[in-house]
$ cat input_16.tsv   # TSV, C-alpha atoms
chain	number	residue	atom	x	y	z
A	1	MET	CA	108.38	96.85	82.87
A	2	LYS	CA	105.40	95.69	84.88
A	3	ASN	CA	102.25	97.81	84.96
A	4	GLU	CA	102.60	98.65	88.66
A	5	GLN	CA	106.17	99.81	88.15
A	6	LEU	CA	105.16	101.99	85.21
A	7	ILE	CA	102.34	103.59	87.22
A	8	LYS	CA	104.73	104.25	90.13
A	9	GLN	CA	107.40	105.69	87.81
A	10	PHE	CA	104.81	107.91	86.13
A	11	GLY	CA	103.62	109.23	89.50
A	12	LEU	CA	107.14	109.97	90.69
A	13	GLU	CA	107.89	111.87	87.49
A	14	VAL	CA	104.68	113.89	87.77
A	15	ARG	CA	105.61	114.78	91.35
A	16	ARG	CA	109.19	115.69	90.41
A	17	ARG	CA	108.06	117.96	87.58
A	18	ARG	CA	105.33	119.54	89.72
A	19	LEU	CA	107.82	120.35	92.47
A	20	ASP	CA	110.36	121.64	89.93
A	21	SER	CA	107.62	123.98	88.72
A	22	GLY	CA	107.13	125.23	92.28
A	23	LEU	CA	103.49	124.12	92.41
A	24	SER	CA	101.63	122.69	95.37
A	25	GLN	CA	99.32	119.74	94.71
A	26	GLU	CA	96.40	122.09	95.09
A	27	GLU	CA	97.77	124.58	92.56
A	28	PHE	CA	98.64	121.80	90.13
A	29	ALA	CA	95.21	120.22	90.53
A	30	GLU	CA	93.58	123.51	89.62
A	31	ILE	CA	95.81	124.02	86.57
A	32	SER	CA	95.24	120.46	85.35
A	33	SER	CA	91.49	120.49	86.16
A	34	LEU	CA	91.85	117.47	88.44
A	35	HIS	CA	90.94	116.97	92.08
A	36	ARG	CA	93.81	117.32	94.55
A	37	THR	CA	93.22	113.87	96.04
A	38	TYR	CA	93.32	112.36	92.55
A	39	VAL	CA	96.67	114.09	91.88
A	40	SER	CA	97.93	112.76	95.21
A	41	GLY	CA	96.88	109.23	94.25
A	42	ILE	CA	98.67	109.51	90.91
A	43	GLU	CA	101.86	110.75	92.54
A	44	ARG	CA	101.80	107.86	95.05
A	45	GLY	CA	101.21	105.33	92.28
A	46	ASP	CA	97.80	104.39	93.69
A	47	ARG	CA	95.88	105.63	90.64
A	48	ASN	CA	96.15	104.36	87.07
A	49	PRO	CA	95.27	107.42	84.97
A	50	THR	CA	93.59	107.13	81.58
A	51	ILE	CA	95.38	108.35	78.47
A	52	ASP	CA	93.18	111.47	78.54
A	53	ILE	CA	94.39	112.28	82.06
A	54	VAL	CA	98.01	111.64	81.05
A	55	PHE	CA	97.63	114.24	78.28
A	56	GLN	CA	95.91	116.66	80.68
A	57	ILE	CA	98.78	116.31	83.15
A	58	ALA	CA	101.41	116.72	80.43
A	59	GLN	CA	99.73	119.86	79.17
A	60	ALA	CA	99.63	121.31	82.69
A	61	LEU	CA	103.33	120.49	83.16
A	62	ARG	CA	104.21	121.82	79.70
A	63	CYS	CA	105.85	118.64	78.52
A	64	SER	CA	105.01	115.75	76.24
A	65	PRO	CA	103.17	112.74	77.65
A	66	ALA	CA	106.20	110.58	76.77
A	67	ASP	CA	108.39	112.74	79.03
A	68	LEU	CA	106.33	111.58	82.01
A	69	PHE	CA	107.26	107.94	81.44
A	70	GLY	CA	111.02	108.38	81.36
A	71	GLY	CA	112.79	106.32	78.76
A	72	ASP	CA	115.41	104.28	80.56
A	73	GLU	CA	113.63	100.98	79.99
A	74	GLU	CA	111.87	99.55	77.00
$ encode --input "input_16.tsv" --output "structure tokens"
Amino acid sequence: MKNEQLIKQFGLEVRRRRLDSGLSQEEFAEISSLHRTYVSGIERGDRNPTIDIVFQIAQALRCSPADLFGGDEE
């Protein structure tokens, strides 16, 4: 999988899980200690988060970091 595809897939999964949790971007940003515009950029696939941010997001979504990357492709 190419890097851009992985970043896009990650963002879509973050968005899906956030919406499933019933959180707005603003609420999620507060819980994850990130700025709302940064969360928006991640969800659109415009931002390439560091591993620290991936763990922060996973913790806020109450899942493992690996869950945010799917697993359909190797």
$ closest_residue --input "input_16.tsv" --among "A:Val14, A:Ile7, A:Ile53, A:Leu19" --to "Asp67 (chain A)" --atoms "all atoms listed in the file"
A:Val14
$ closest_residue --input "input_16.tsv" --among "A:Gly22, A:Glu27, A:Thr37, A:Glu13" --to "Val54 (chain A)" --atoms "all atoms listed in the file"
A:Glu13
$ residues_around --input "input_16.tsv" --residues "Gln9 (chain A)" --least-positions-apart "5" --cutoff "8 Å" --atoms "all atoms listed in the file" --output "ChimeraX atom specification"
/A:45,69-70
$ residues_around --input "input_16.tsv" --residues "Asn48 (chain A)" --least-positions-apart "4" --cutoff "9 Å" --atoms "only C-alpha atoms" --output "list in words"
Glu4, Ile7, Gly41 and Ile42 of chain A
$ axis_aligned_box --input "input_16.tsv" --around "region 42-56 of chain A" --padding-each-side "6 Å" --output "JSON"
{"center_x": 97.5, "center_y": 110.5, "center_z": 86.7, "size_x": 20.7, "size_y": 24.3, "size_z": 28.8}
$ atom_distance --input "input_16.tsv" --atom1 "CA of Arg36 (chain A)" --atom2 "CA of Lys2 (chain A)"
26.4 Å
$ decode --input "input_16.tsv" --residues "region 38-50 of chain A" --atoms "all heavy atoms" --output "compact mmCIF listing (two decimals), in the first residue's frame"
# COMPACT_ATOMS: atom_id res chain seq x y z
N TYR A 38 -6.61 20.27 12.89
CA TYR A 38 -5.66 19.17 12.70
C TYR A 38 -6.42 17.85 12.54
O TYR A 38 -6.10 17.05 11.66
CB TYR A 38 -4.68 19.10 13.88
CG TYR A 38 -3.56 18.12 13.66
CD1 TYR A 38 -2.53 18.40 12.77
CD2 TYR A 38 -3.52 16.91 14.35
CE1 TYR A 38 -1.49 17.50 12.55
CE2 TYR A 38 -2.50 16.01 14.14
CZ TYR A 38 -1.49 16.31 13.25
OH TYR A 38 -0.48 15.41 13.04
N VAL A 39 -7.45 17.65 13.37
CA VAL A 39 -8.29 16.45 13.27
C VAL A 39 -8.95 16.42 11.89
O VAL A 39 -8.97 15.37 11.23
CB VAL A 39 -9.36 16.42 14.39
CG1 VAL A 39 -10.39 15.33 14.13
CG2 VAL A 39 -8.71 16.23 15.75
N SER A 40 -9.45 17.54 11.44
CA SER A 40 -10.07 17.62 10.13
C SER A 40 -9.08 17.23 9.03
O SER A 40 -9.42 16.47 8.12
CB SER A 40 -10.58 19.05 9.89
OG SER A 40 -11.09 19.17 8.59
N GLY A 41 -7.86 17.72 9.12
CA GLY A 41 -6.83 17.38 8.14
C GLY A 41 -6.50 15.90 8.14
O GLY A 41 -6.27 15.30 7.09
N ILE A 42 -6.47 15.29 9.31
CA ILE A 42 -6.21 13.85 9.42
C ILE A 42 -7.35 13.09 8.75
O ILE A 42 -7.11 12.17 7.95
CB ILE A 42 -6.05 13.43 10.89
CG1 ILE A 42 -4.72 13.93 11.43
CG2 ILE A 42 -6.16 11.90 11.03
CD1 ILE A 42 -4.55 13.73 12.93
N GLU A 43 -8.57 13.45 9.06
CA GLU A 43 -9.72 12.74 8.50
C GLU A 43 -9.80 12.87 6.99
O GLU A 43 -10.28 11.96 6.31
CB GLU A 43 -11.01 13.24 9.15
CG GLU A 43 -11.14 12.81 10.60
CD GLU A 43 -12.46 13.22 11.23
OE1 GLU A 43 -13.29 13.88 10.57
OE2 GLU A 43 -12.66 12.87 12.41
N ARG A 44 -9.36 13.98 6.43
CA ARG A 44 -9.35 14.17 4.98
C ARG A 44 -8.15 13.50 4.31
O ARG A 44 -8.09 13.42 3.09
CB ARG A 44 -9.34 15.66 4.64
CG ARG A 44 -10.63 16.39 4.92
CD ARG A 44 -10.64 17.79 4.33
NE ARG A 44 -9.39 18.50 4.44
CZ ARG A 44 -9.03 19.29 5.46
NH1 ARG A 44 -9.87 19.47 6.47
NH2 ARG A 44 -7.88 19.90 5.48
N GLY A 45 -7.19 13.07 5.10
CA GLY A 45 -5.98 12.47 4.53
C GLY A 45 -4.96 13.50 4.11
O GLY A 45 -4.02 13.20 3.37
N ASP A 46 -5.12 14.74 4.58
CA ASP A 46 -4.19 15.82 4.25
C ASP A 46 -3.01 15.89 5.22
O ASP A 46 -2.01 16.52 4.92
CB ASP A 46 -4.90 17.18 4.28
CG ASP A 46 -5.93 17.31 3.17
OD1 ASP A 46 -5.84 16.57 2.17
OD2 ASP A 46 -6.83 18.15 3.31
N ARG A 47 -3.16 15.28 6.37
CA ARG A 47 -2.12 15.30 7.41
C ARG A 47 -1.55 13.91 7.60
O ARG A 47 -2.28 12.92 7.56
CB ARG A 47 -2.69 15.77 8.75
CG ARG A 47 -3.22 17.16 8.74
CD ARG A 47 -2.11 18.13 8.91
NE ARG A 47 -2.63 19.47 9.07
CZ ARG A 47 -1.91 20.45 9.54
NH1 ARG A 47 -0.68 20.25 9.94
NH2 ARG A 47 -2.43 21.65 9.64
N ASN A 48 -0.26 13.83 7.82
CA ASN A 48 0.43 12.58 8.08
C ASN A 48 0.85 12.59 9.56
O ASN A 48 1.89 13.14 9.90
CB ASN A 48 1.65 12.45 7.16
CG ASN A 48 2.33 11.11 7.30
OD1 ASN A 48 1.89 10.24 8.03
ND2 ASN A 48 3.42 10.95 6.57
N PRO A 49 0.01 12.03 10.44
CA PRO A 49 0.29 12.13 11.87
C PRO A 49 1.51 11.30 12.30
O PRO A 49 1.80 10.26 11.70
CB PRO A 49 -0.99 11.58 12.51
CG PRO A 49 -1.58 10.68 11.49
CD PRO A 49 -1.21 11.27 10.16
N THR A 50 2.18 11.79 13.32
CA THR A 50 3.30 11.05 13.89
C THR A 50 2.77 9.85 14.67
O THR A 50 1.57 9.78 14.98
CB THR A 50 4.13 11.92 14.85
OG1 THR A 50 3.30 12.27 15.97
CG2 THR A 50 4.66 13.17 14.17
